[in-house]
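Asker: Sending over start-v5.txt (compact mmCIF, C-alpha atoms).
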# COMPACT_ATOMS: atom_id res chain seq x y z
CA MET M 1 54.31 91.88 129.99
CA ALA M 2 55.79 91.75 126.48
CA LYS M 3 57.96 94.55 125.20
CA THR M 4 57.27 95.82 121.67
CA LEU M 5 60.01 96.94 119.31
CA GLU M 6 58.73 99.00 116.39
CA THR M 7 61.13 98.90 113.43
CA MET M 8 58.72 99.60 110.57
CA GLY M 9 60.47 101.73 107.95
CA GLN M 10 63.95 100.69 109.02
CA VAL M 11 66.15 99.01 106.44
CA CYS M 12 68.23 95.93 107.08
CA PRO M 13 70.24 95.21 109.13
CA PHE M 14 68.84 97.77 111.61
CA PRO M 15 65.75 95.77 112.74
CA LEU M 16 68.08 92.92 113.78
CA ILE M 17 70.60 95.28 115.43
CA GLU M 18 67.76 96.90 117.41
CA ALA M 19 66.35 93.49 118.34
CA LYS M 20 69.74 92.34 119.68
CA LYS M 21 69.89 95.47 121.86
CA ALA M 22 66.29 95.22 123.03
CA ILE M 23 66.56 91.59 124.12
CA GLU M 24 69.33 92.53 126.55
CA ASP M 25 66.85 94.69 128.47
CA ILE M 26 64.37 91.92 129.21
CA HIS M 27 64.57 88.94 131.54
CA SER M 28 64.66 85.26 130.70
CA GLY M 29 61.19 83.97 129.79
CA GLU M 30 59.89 87.43 128.86
CA GLU M 31 58.78 88.18 125.33
CA LEU M 32 59.93 90.72 122.77
CA ILE M 33 57.54 91.59 119.94
CA ILE M 34 59.33 92.90 116.86
CA ASN M 35 57.37 94.56 114.06
CA PHE M 36 59.32 95.01 110.84
CA ASP M 37 58.89 95.61 107.12
CA CYS M 38 62.35 94.84 105.76
CA THR M 39 62.06 91.70 103.64
CA GLN M 40 65.52 90.35 104.43
CA ALA M 41 64.68 90.33 108.13
CA THR M 42 62.11 87.56 107.49
CA GLU M 43 65.23 85.42 107.17
CA SER M 44 67.72 87.11 109.49
CA ILE M 45 65.57 87.62 112.64
CA PRO M 46 64.24 84.04 112.97
CA ARG M 47 67.73 82.71 112.15
CA TRP M 48 69.30 84.85 114.86
CA ALA M 49 66.65 83.81 117.41
CA ALA M 50 67.07 80.11 116.58
CA GLU M 51 70.85 80.26 116.72
CA GLU M 52 70.80 82.11 120.06
CA GLY M 53 68.40 79.53 121.47
CA HIS M 54 65.44 81.89 122.02
CA SER M 55 62.01 80.54 121.13
CA ILE M 56 59.57 82.03 118.66
CA THR M 57 56.07 82.12 120.07
CA ASN M 58 54.44 83.99 117.17
CA TYR M 59 55.49 84.83 113.63
CA GLU M 60 53.09 86.13 111.02
CA ALA M 61 52.54 88.54 108.17
CA ILE M 62 50.32 91.41 109.29
CA GLY M 63 49.83 92.95 105.84
CA ASP M 64 51.63 93.55 102.57
CA ALA M 65 55.35 93.60 103.34
CA ALA M 66 54.78 93.82 107.10
CA TRP M 67 55.56 91.18 109.68
CA THR M 68 55.48 90.60 113.42
CA ILE M 69 57.56 88.12 115.35
CA THR M 70 57.55 87.35 119.07
CA VAL M 71 60.80 86.15 120.58
CA GLN M 72 60.83 84.62 124.06
CA LYS M 73 64.18 85.09 125.73
CA LYS M 74 65.90 81.86 126.77
CA MET F 1 65.18 94.50 68.32
CA ALA F 2 62.18 92.37 69.30
CA GLN F 3 64.47 89.48 70.19
CA MET F 4 66.62 91.80 72.31
CA ILE F 5 63.59 93.10 74.19
CA ILE F 6 62.03 89.69 74.77
CA THR F 7 65.11 87.64 75.78
CA GLY F 8 66.59 90.52 77.80
CA LEU F 9 63.39 91.08 79.75
CA ILE F 10 62.88 87.35 80.35
CA CYS F 11 66.45 86.77 81.55
CA GLY F 12 66.27 89.84 83.79
CA ALA F 13 62.85 88.89 85.14
CA LEU F 14 64.10 85.41 86.03
CA LEU F 15 67.04 86.96 87.87
CA GLY F 16 64.89 89.54 89.66
CA PHE F 17 62.36 86.88 90.64
CA VAL F 18 64.97 84.46 91.99
CA MET F 19 66.88 87.19 93.86
CA GLN F 20 63.73 88.57 95.48
CA ARG F 21 62.42 85.16 96.57
CA GLY F 22 65.86 83.89 97.59
CA ARG F 23 66.69 87.12 99.47
CA PHE F 24 69.95 87.07 97.56
CA CYS F 25 71.68 90.13 98.98
CA LEU F 26 75.43 90.32 98.44
CA THR F 27 75.77 93.55 100.45
CA GLY F 28 74.16 91.87 103.44
CA GLY F 29 76.29 88.79 102.80
CA PHE F 30 79.62 90.65 102.71
CA ARG F 31 78.58 92.82 105.67
CA ASP F 32 77.58 89.80 107.78
CA MET F 33 80.95 88.09 107.19
CA TYR F 34 82.27 90.90 109.35
CA ILE F 35 79.53 92.03 111.74
CA ALA F 36 77.88 88.62 112.32
CA LYS F 37 80.77 86.24 111.44
CA ASP F 38 78.37 84.60 108.98
CA ASN F 39 79.83 83.44 105.65
CA ARG F 40 76.77 81.71 104.18
CA MET F 41 76.01 84.30 101.51
CA PHE F 42 79.66 84.40 100.46
CA TYR F 43 79.59 80.61 100.12
CA ALA F 44 76.40 80.95 98.08
CA LEU F 45 78.21 83.38 95.77
CA LEU F 46 81.07 80.89 95.31
CA ILE F 47 78.51 78.23 94.34
CA ALA F 48 76.95 80.57 91.76
CA ILE F 49 80.42 81.39 90.37
CA ALA F 50 81.37 77.70 90.09
CA VAL F 51 78.11 76.74 88.35
CA GLN F 52 78.49 79.59 85.88
CA SER F 53 82.17 78.90 85.26
CA ILE F 54 81.55 75.28 84.28
CA GLY F 55 78.62 76.18 82.04
CA VAL F 56 80.23 79.14 80.30
CA TYR F 57 83.55 77.41 79.61
CA LEU F 58 81.65 74.43 78.14
CA LEU F 59 79.84 76.91 75.85
CA ILE F 60 83.15 78.53 74.90
CA GLN F 61 84.78 75.18 74.11
CA THR F 62 81.86 74.06 71.97
CA GLY F 63 82.05 77.38 70.12
CA VAL F 64 78.59 78.62 71.14
CA ILE F 65 79.94 81.84 72.64
CA GLN F 66 83.15 83.86 72.53
CA PHE F 67 85.09 85.51 75.31
CA SER F 68 88.24 87.58 75.40
CA ALA F 69 89.58 88.73 78.76
CA GLY F 70 91.57 91.71 77.43
CA ALA F 71 93.94 93.75 79.58
CA PHE F 72 93.72 94.25 83.33
CA PRO F 73 93.28 97.89 84.45
CA TRP F 74 94.44 97.07 87.96
CA VAL F 75 94.56 100.59 89.48
CA ALA F 76 91.00 101.39 88.40
CA VAL F 77 89.74 97.96 89.53
CA ILE F 78 91.25 98.26 93.02
CA ILE F 79 90.16 101.86 93.69
CA GLY F 80 86.77 101.46 92.01
CA SER F 81 85.88 98.21 93.77
CA PHE F 82 86.77 99.59 97.20
CA ILE F 83 84.61 102.69 96.64
CA PHE F 84 81.81 100.49 95.28
CA GLY F 85 82.01 98.37 98.46
CA ILE F 86 81.59 101.47 100.63
CA GLY F 87 78.72 102.69 98.45
CA ILE F 88 76.65 99.52 98.70
CA VAL F 89 76.59 99.69 102.50
CA PHE F 90 75.24 103.26 102.40
CA ALA F 91 72.79 102.41 99.61
CA GLY F 92 71.56 99.34 101.51
CA GLY F 93 72.14 97.03 98.54
CA CYS F 94 74.49 96.42 95.63
CA ALA F 95 73.62 97.51 92.11
CA THR F 96 71.47 94.47 91.37
CA GLY F 97 70.12 94.50 94.92
CA THR F 98 69.06 98.11 94.44
CA TRP F 99 67.29 97.25 91.16
CA TYR F 100 65.34 94.42 92.79
CA ARG F 101 64.55 96.32 95.98
CA ALA F 102 63.22 99.16 93.84
CA GLY F 103 60.84 96.49 92.49
CA GLU F 104 59.74 95.73 96.09
CA GLY F 105 58.60 99.35 96.42
CA LEU F 106 61.42 100.75 98.57
CA ILE F 107 61.66 104.45 97.73
CA GLY F 108 65.13 104.55 99.32
CA SER F 109 66.27 102.13 96.61
CA TRP F 110 64.69 104.35 93.94
CA ILE F 111 66.83 107.23 95.27
CA ALA F 112 69.97 105.05 95.33
CA LEU F 113 69.21 103.75 91.85
CA PHE F 114 68.84 107.27 90.49
CA GLY F 115 72.20 108.34 91.96
CA TYR F 116 73.85 105.17 90.69
CA MET F 117 72.51 105.45 87.13
CA VAL F 118 73.32 109.14 86.75
CA MET F 119 76.83 108.84 88.22
CA SER F 120 77.56 105.83 85.98
CA ALA F 121 76.56 107.89 82.93
CA VAL F 122 78.69 110.82 84.17
CA MET F 123 81.67 108.46 84.44
CA LYS F 124 81.12 106.81 81.07
CA SER F 125 80.33 109.81 78.88
CA GLY F 126 80.05 112.84 81.14
CA PHE F 127 82.49 115.27 82.71
CA LEU F 128 84.21 112.55 84.78
CA PHE F 129 85.00 110.46 81.71
CA PRO F 130 88.62 111.80 81.50
CA VAL F 131 89.21 110.79 85.17
CA ASN F 132 87.82 107.34 84.46
CA GLN F 133 89.89 107.01 81.30
CA SER F 134 93.18 108.10 82.88
CA LEU F 135 92.81 105.69 85.82
CA GLN F 136 91.92 102.84 83.46
CA ALA F 137 95.00 103.55 81.36
CA THR F 138 97.33 101.79 83.81
CA THR F 139 97.02 98.17 82.78
CA LEU F 140 98.71 94.80 83.03
CA PRO F 141 98.80 92.97 79.68
CA SER F 142 96.75 89.91 80.58
CA ASN F 143 93.50 89.80 82.51
CA SER F 144 93.14 86.03 82.28
CA ILE F 145 94.57 84.09 85.26
CA PRO F 146 95.14 80.83 83.30
CA GLU F 147 96.81 82.78 80.48
CA THR F 148 99.17 84.61 82.85
CA LEU F 149 100.18 81.36 84.55
CA GLY F 150 100.20 79.39 81.31
CA VAL F 151 97.87 76.59 82.41
CA SER F 152 94.41 75.35 81.41
CA VAL F 153 91.38 77.24 82.79
CA TRP F 154 89.93 73.88 83.85
CA ILE F 155 92.55 73.59 86.58
CA PHE F 156 91.16 76.72 88.21
CA ILE F 157 87.59 75.57 87.71
CA ALA F 158 88.51 72.22 89.32
CA ILE F 159 90.05 74.05 92.32
CA LEU F 160 86.95 76.22 92.72
CA VAL F 161 84.63 73.19 92.47
CA ALA F 162 86.74 71.37 95.08
CA VAL F 163 86.48 74.37 97.43
CA VAL F 164 82.71 74.53 96.91
CA ILE F 165 82.29 70.79 97.60
CA TRP F 166 84.41 71.13 100.74
CA ILE F 167 82.20 74.03 101.93
CA LEU F 168 79.03 72.06 101.18
CA ILE F 169 80.28 69.06 103.18
CA LYS F 170 81.23 71.35 106.08
CA GLU F 171 77.83 73.08 106.01
CA VAL F 172 75.86 69.82 105.80
CA ASN F 173 77.73 68.44 108.82
CA LYS F 174 77.04 71.50 110.96
CA PRO F 175 74.51 70.98 113.74
CA LYS F 176 71.14 71.97 112.28
CA VAL F 177 69.15 74.77 113.84
CA VAL F 178 65.49 74.74 112.94
CA ILE F 179 64.64 78.17 111.64
CA PRO F 180 61.06 79.06 112.46
CA SER F 181 59.05 79.97 109.38
CA LEU F 182 55.74 81.67 108.76
CA LYS F 183 52.62 79.52 108.93
CA PRO F 184 52.00 78.37 105.34
CA LYS F 185 48.88 79.82 103.78
CA ARG F 186 49.37 78.31 100.33
CA THR F 187 49.99 74.86 98.88
CA GLY F 188 51.77 73.23 95.95
CA LEU F 189 53.58 75.31 93.36
CA SER F 190 52.17 78.57 94.67
CA TYR F 191 53.61 77.74 98.13
CA PHE F 192 57.00 76.92 96.62
CA LEU F 193 57.16 80.04 94.43
CA PHE F 194 55.64 82.67 96.68
CA GLU F 195 55.93 81.55 100.26
CA LYS F 196 58.56 78.92 100.97
CA ARG F 197 61.91 80.02 102.31
CA TRP F 198 64.56 79.16 99.70
CA HIS F 199 67.90 77.88 100.87
CA PRO F 200 70.64 80.36 99.80
CA PHE F 201 72.60 77.54 98.16
CA PHE F 202 69.57 76.52 96.08
CA THR F 203 69.10 80.16 95.05
CA ALA F 204 72.81 80.32 94.16
CA VAL F 205 72.53 77.36 91.77
CA LEU F 206 69.60 79.07 90.01
CA ILE F 207 71.55 82.33 89.76
CA GLY F 208 74.55 80.47 88.32
CA ALA F 209 72.23 78.89 85.71
CA ILE F 210 70.69 82.26 84.79
CA ALA F 211 74.19 83.73 84.48
CA ILE F 212 75.08 80.95 81.99
CA LEU F 213 71.87 81.56 80.03
CA ALA F 214 72.67 85.28 79.78
CA TRP F 215 75.78 84.66 77.65
CA PRO F 216 74.20 83.04 74.54
CA LEU F 217 71.06 85.21 74.80
CA SER F 218 73.11 88.41 74.93
CA GLN F 219 75.60 87.37 72.25
CA ALA F 220 72.76 86.45 69.87
CA THR F 221 71.88 90.16 69.86
CA GLY F 222 75.49 91.26 69.28
CA ARG F 223 76.35 92.18 72.88
CA MET F 224 79.44 90.05 73.59
CA ALA F 225 79.08 89.72 77.36
CA GLY F 226 77.12 87.96 80.10
CA LEU F 227 75.20 89.52 82.99
CA GLY F 228 76.09 93.18 83.45
CA ILE F 229 74.37 95.91 85.40
CA THR F 230 76.38 99.14 85.45
CA THR F 231 76.88 99.87 81.75
CA PRO F 232 73.21 99.10 80.93
CA SER F 233 72.07 101.29 83.85
CA ALA F 234 74.21 104.14 82.47
CA ASN F 235 72.88 103.41 78.97
CA ILE F 236 69.31 104.12 80.12
CA ILE F 237 70.32 107.63 81.25
CA GLN F 238 72.51 108.19 78.16
CA TYR F 239 69.64 107.18 75.87
CA SER F 240 67.14 109.22 77.89
CA VAL F 241 69.09 112.46 77.56
CA THR F 242 70.52 112.06 74.04
CA GLY F 243 67.82 110.04 72.26
CA ASP F 244 70.66 108.09 70.63
CA VAL F 245 69.30 104.57 69.95
CA SER F 246 72.81 103.07 69.83
CA TYR F 247 72.75 103.13 73.66
CA ILE F 248 69.97 100.55 73.63
CA ASN F 249 71.22 96.96 73.95
CA TRP F 250 70.34 93.62 75.50
CA GLY F 251 71.66 94.74 78.90
CA VAL F 252 69.15 97.59 79.11
CA PHE F 253 66.28 95.11 78.93
CA LEU F 254 68.08 92.81 81.35
CA VAL F 255 68.13 95.45 84.11
CA LEU F 256 64.55 96.53 83.38
CA GLY F 257 63.64 92.84 83.60
CA ILE F 258 65.22 92.55 87.07
CA PHE F 259 62.92 95.33 88.26
CA LEU F 260 59.91 93.67 86.62
CA GLY F 261 60.70 90.16 87.90
CA SER F 262 61.23 91.37 91.44
CA PHE F 263 57.98 93.36 91.30
CA ILE F 264 56.07 90.25 90.14
CA ALA F 265 57.67 88.10 92.87
CA ALA F 266 57.04 90.70 95.60
CA LYS F 267 53.48 91.46 94.50
CA ALA F 268 52.49 87.78 94.27
CA SER F 269 54.11 87.06 97.66
CA ARG F 270 52.34 90.06 99.20
CA GLU F 271 55.72 91.67 99.84
CA PHE F 272 55.26 94.76 97.69
CA ARG F 273 54.52 98.07 99.35
CA PHE F 274 55.78 101.58 98.71
CA ARG F 275 57.98 102.36 101.70
CA MET F 276 59.29 105.87 102.27
CA PRO F 277 62.63 106.07 104.08
CA ASP F 278 63.37 108.62 106.79
CA THR F 279 65.57 111.61 105.86
CA LYS F 280 68.82 110.05 107.05
CA THR F 281 68.24 106.80 105.11
CA GLY F 282 67.22 108.82 102.06
CA ILE F 283 70.43 110.86 102.12
CA ASN F 284 72.56 107.76 102.74
CA SER F 285 70.86 106.04 99.80
CA PHE F 286 71.66 108.96 97.52
CA ILE F 287 75.32 109.16 98.61
CA GLY F 288 75.64 105.37 98.42
CA GLY F 289 74.13 105.27 94.95
CA ASN F 290 76.60 107.86 93.67
CA LEU F 291 79.58 106.01 95.21
CA MET F 292 78.29 102.79 93.63
CA GLY F 293 78.06 104.39 90.20
CA PHE F 294 81.50 105.98 90.53
CA GLY F 295 83.16 102.81 91.82
CA ALA F 296 81.53 100.30 89.49
CA SER F 297 82.23 102.42 86.40
CA LEU F 298 85.87 102.73 87.40
CA ALA F 299 86.23 99.04 88.24
CA GLY F 300 84.50 97.96 85.05
CA GLY F 301 81.80 96.12 86.94
CA CYS F 302 79.75 95.78 90.12
CA SER F 303 79.33 92.81 92.45
CA ILE F 304 77.59 91.01 89.56
CA GLY F 305 79.69 92.11 86.56
CA ASN F 306 82.99 91.60 88.37
CA GLY F 307 82.02 89.62 91.49
CA LEU F 308 79.87 86.97 89.78
CA VAL F 309 80.74 87.05 86.07
CA MET F 310 84.40 88.08 85.73
CA THR F 311 85.28 85.73 88.62
CA ALA F 312 83.63 82.84 86.76
CA MET F 313 85.66 83.79 83.70
CA MET F 314 88.78 83.31 85.87
CA THR F 315 90.09 86.85 85.41
CA TRP F 316 92.31 88.91 87.70
CA GLN F 317 89.73 91.69 87.39
CA GLY F 318 86.98 89.50 88.83
CA TRP F 319 88.78 88.07 91.85
CA ILE F 320 90.71 91.21 92.81
CA SER F 321 87.55 93.27 92.42
CA LEU F 322 85.63 90.85 94.65
CA LEU F 323 88.33 91.12 97.33
CA PHE F 324 88.28 94.92 97.31
CA ILE F 325 84.46 95.14 97.21
CA ILE F 326 84.43 93.00 100.37
CA LEU F 327 87.12 95.18 102.02
CA GLY F 328 85.12 98.31 101.12
CA THR F 329 81.97 96.76 102.60
CA TRP F 330 83.79 95.95 105.84
CA THR F 331 85.30 99.42 106.10
CA ALA F 332 81.91 101.09 105.71
CA SER F 333 80.27 98.55 108.04
CA TYR F 334 82.75 99.49 110.75
CA PHE F 335 81.74 103.14 110.56
CA VAL F 336 78.00 102.57 110.05
CA PHE F 337 77.27 99.59 112.33
CA VAL F 338 80.20 98.67 114.60
CA ARG F 339 81.60 102.00 115.75
CA PRO F 340 78.26 103.61 116.77
CA GLN F 341 77.56 100.55 118.97
CA LYS F 342 80.98 100.83 120.61
CA ILE F 343 80.56 104.55 121.29
CA LYS F 344 77.12 103.95 122.76
CA ALA F 345 78.43 101.14 124.96
CA GLN F 346 81.25 103.38 126.18
CA SER F 347 79.00 106.31 127.00
CA VAL F 348 76.66 103.99 128.93
CA SER F 349 79.54 102.61 131.00
CA THR F 350 80.95 106.08 131.78
CA THR F 351 77.61 107.53 132.87
CA ALA F 352 76.76 104.47 134.99
Rewrite the structure of this file - the entire thing - as structure tokens.
Answerer:
Amino acid sequence: MAKTLETMGQVCPFPLIEAKKAIEDIHSGEELIINFDCTQATESIPRWAAEEGHSITNYEAIGDAAWTITVQKK
Amino acid sequence: MAQMIITGLICGALLGFVMQRGRFCLTGGFRDMYIAKDNRMFYALLIAIAVQSIGVYLLIQTGVIQFSAGAFPWVAVIIGSFIFGIGIVFAGGCATGTWYRAGEGLIGSWIALFGYMVMSAVMKSGFLFPVNQSLQATTLPSNSIPETLGVSVWIFIAILVAVVIWILIKEVNKPKVVIPSLKPKRTGLSYFLFEKRWHPFFTAVLIGAIAILAWPLSQATGRMAGLGITTPSANIIQYSVTGDVSYINWGVFLVLGIFLGSFIAAKASREFRFRMPDTKTGINSFIGGNLMGFGASLAGGCSIGNGLVMTAMMTWQGWISLLFIILGTWTASYFVFVRPQKIKAQSVSTTA
């Protein structure tokens, strides 16, 4: 069961700060879905996930200035 | 007048476009040096400074443009830059960042921008002008680093270029992490302009080039400076409330161009949407904007005017301002991002 983190309306760097907290609450192999609308996070969230070694199972734009990314915990 | 409008808007639009697409955020960059131990955006800024420095000093030596560093109002620069650094964290973007995020449709940035513009005008011709003037009165005679030390400016440019090359070599040799990107929906030029992720160092080179271009374009209209954000932003308010046309200059169209260029980039990339902040973010944006306007007016420049341009000109004002902007950003980041996390962690461990 994937956990969803809703950060729409939050400005950077809060979506990333929230994501870092949320990933601590799930187990290895589980997924965290992050919805965000802060443009800079299109760079910072995937970079963080890649550098931490988590995998990205989905990443797409869901509308004008709105994105969703699914991070699978390593 | 027509030339001023056209070249100012074009230069600004290029800058706004490049900053929006390149996600060139100095506030985020300075903040992440501290909270994420990530120096990439700071390195990108150094690249932009080096590119501009070479270009502008070539233009000065060939007589295309003129530059005089003047005196160094060190007290105002130190205090102003530190306050500016605190302000940009609360506003969620530096002066230029706020202009381009306003173009992305962020209402929080509109609020910050309003506070910033009004406070800058208050400092430059309003009731705080005497405060500004008295703090700026304490000066050191020379603002130019090469002049003070009695050596050629090219020595400093060579040092900066050497540092930049060393950073580039270090970065290239780092183990590469593949950063996942969105599935491409476009091809060719449209993909490159409106979808591809730009490397911050590539963006920095473009920003350095635009900063060079700004000098001759601005000086051709009689404004003897390069990129500048704070004075033009104040000028818009001063002109709006007095109707005095002498407030209109190339810089005014430059900042309006940033807004326009960012809007075009965001709209075409499907990244434009009006976004209303919550109350807390709205209030922070307003406070941050006012601190930005106060600090930048005092320091004689923002993270662009001092941090990108006056640094490239090899002035004390530029480099000391950059240092104190970064210190201000870190101080505010501690209170806004680091301390709340610590308190939360502590309260969790005591209740457990």
Asker: Write out as JSON, numbers by chain each polymer residue whose atoms come within 10 Å of Pro146 in chain F, counting only C-alpha atoms; drop sequence neighbours fewer than 3 positions from it.
Answerer: {"F": [142, 143, 149, 150, 151, 152, 153, 154, 155, 156, 313, 314, 315, 316]}
Asker: Output as an NGL selection string the set of chain F residues within 7 Å of chain M, with distances taken over only C-alpha atoms.
Answerer: :F and (23 or 177-180 or 182-183 or 270-273 or 275 or 277)
Asker: So how many Å separate CA of Phe36 in chain M and CA of Gln72 in chain M, to one decimal?
Answerer: 16.9 Å
Asker: Name all residues at most 8 Å from range 73-89 of chain F (count only C-alpha atoms; drop same-chain ones fewer than 5 positions away) and give them as JSON, numbers by chain.
Answerer: {"F": [27, 31, 94, 95, 132, 135, 136, 137, 138, 139, 140, 287, 288, 289, 290, 291, 292, 293, 294, 295, 296, 297, 298, 299, 300, 302, 317, 320, 321, 322, 324, 325, 326, 327, 328, 329, 330, 331, 332, 333]}
Asker: For Lys73 in chain M, find every residue with an atom within 6 Å (counting only C-alpha atoms), except residues of its own chain fewer than 6 positions away, and show them as a ChimeraX atom specification.
Answerer: /M:28-30,54
Asker: Report, in Å with one decimal, the straight-line distance from CA of Pro15 in chain M to CA of Glu31 in chain M.
Answerer: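 One can read the CA of Pro15 in chain M to CA of Glu31 in chain M distance as 16.3 Å.
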Asker: Would you mind reading off the distance between CA of Ile35 in chain F and CA of Val338 in chain F, one decimal, in Å?
Answerer: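 These two atoms are separated by 7.3 Å.
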Asker: Under the rule that all atoms listed in the file are counted, which of F:Thr96, F:Ser120, F:Gln52, F:Asn39 is the nearest residue to Trp215 in chain F?
Answerer: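 The closest residue to Trp215 in chain F is F:Gln52.
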Asker: To test the calculation: enclose all listed atoms of range 187-191 of chain F in a box whose edges run along x, y and z, add 3 Å on each side, then state centre and edge lengths in Å to one decimal, as JSON.
Answerer:
{"center_x": 51.8, "center_y": 75.9, "center_z": 96.1, "size_x": 9.6, "size_y": 11.3, "size_z": 11.5}
Asker: Calculated over only C-alpha atoms, which of the candidates F:Ala2, F:Leu213, F:Leu260, F:Ile207 has the smallest distance to Glu104 in chain F?
Answerer: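 Once distances to Glu104 in chain F are computed over only C-alpha atoms, the minimum belongs to F:Leu260.
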Asker: Restricting the calculation to all atoms listed in the file: of F:Ala158, F:Phe24, F:Gln133, F:Pro232, which residue gets closest to Gly257 in chain F?
Answerer: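 Residue with the minimum atom-to-atom distance to Gly257 in chain F: F:Pro232.
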Asker: Using only C-alpha atoms, pick whichever of M:Thr68, M:Ile34, M:Ala2, M:Ile62 has the shortest atom-to-atom distance to Leu16 in chain M.
Answerer: M:Ile34
Asker: Starting from the block above, write range 12-50 of chain M out to a file with C-alpha atoms, as a compact mmCIF listing (two decimals), in the first residue's frame, please.
Answerer:
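Once written, selection-v7.txt looks like this:
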# COMPACT_ATOMS: atom_id res chain seq x y z
CA CYS M 12 10.07 25.11 -1.76
CA PRO M 13 11.85 23.66 0.11
CA PHE M 14 8.89 22.36 2.16
CA PRO M 15 7.76 19.58 -0.25
CA LEU M 16 11.26 18.08 -0.01
CA ILE M 17 11.46 18.53 3.78
CA GLU M 18 8.07 16.81 4.14
CA ALA M 19 9.15 14.03 1.77
CA LYS M 20 12.31 13.37 3.81
CA LYS M 21 10.17 13.04 6.95
CA ALA M 22 7.51 10.89 5.31
CA ILE M 23 9.97 8.37 3.88
CA GLU M 24 11.20 7.60 7.40
CA ASP M 25 7.74 6.27 8.27
CA ILE M 26 7.61 3.63 5.54
CA HIS M 27 9.48 0.36 5.14
CA SER M 28 12.03 -0.62 2.53
CA GLY M 29 10.35 -1.49 -0.78
CA GLU M 30 7.21 0.52 0.02
CA GLU M 31 6.23 3.49 -2.10
CA LEU M 32 5.69 7.15 -1.29
CA ILE M 33 3.61 9.22 -3.70
CA ILE M 34 4.40 12.92 -3.53
CA ASN M 35 2.12 15.46 -5.21
CA PHE M 36 3.62 18.93 -5.53
CA ASP M 37 3.26 22.18 -7.44
CA CYS M 38 6.50 23.98 -6.59
CA THR M 39 8.53 24.20 -9.79
CA GLN M 40 11.94 23.94 -8.13
CA ALA M 41 10.96 20.58 -6.64
CA THR M 42 10.89 19.08 -10.15
CA GLU M 43 14.67 19.27 -9.77
CA SER M 44 15.21 18.85 -6.03
CA ILE M 45 12.95 15.83 -5.29
CA PRO M 46 14.26 13.50 -8.04
CA ARG M 47 17.82 14.59 -7.22
CA TRP M 48 17.34 13.78 -3.55
CA ALA M 49 15.78 10.39 -4.35
CA ALA M 50 18.59 9.49 -6.76
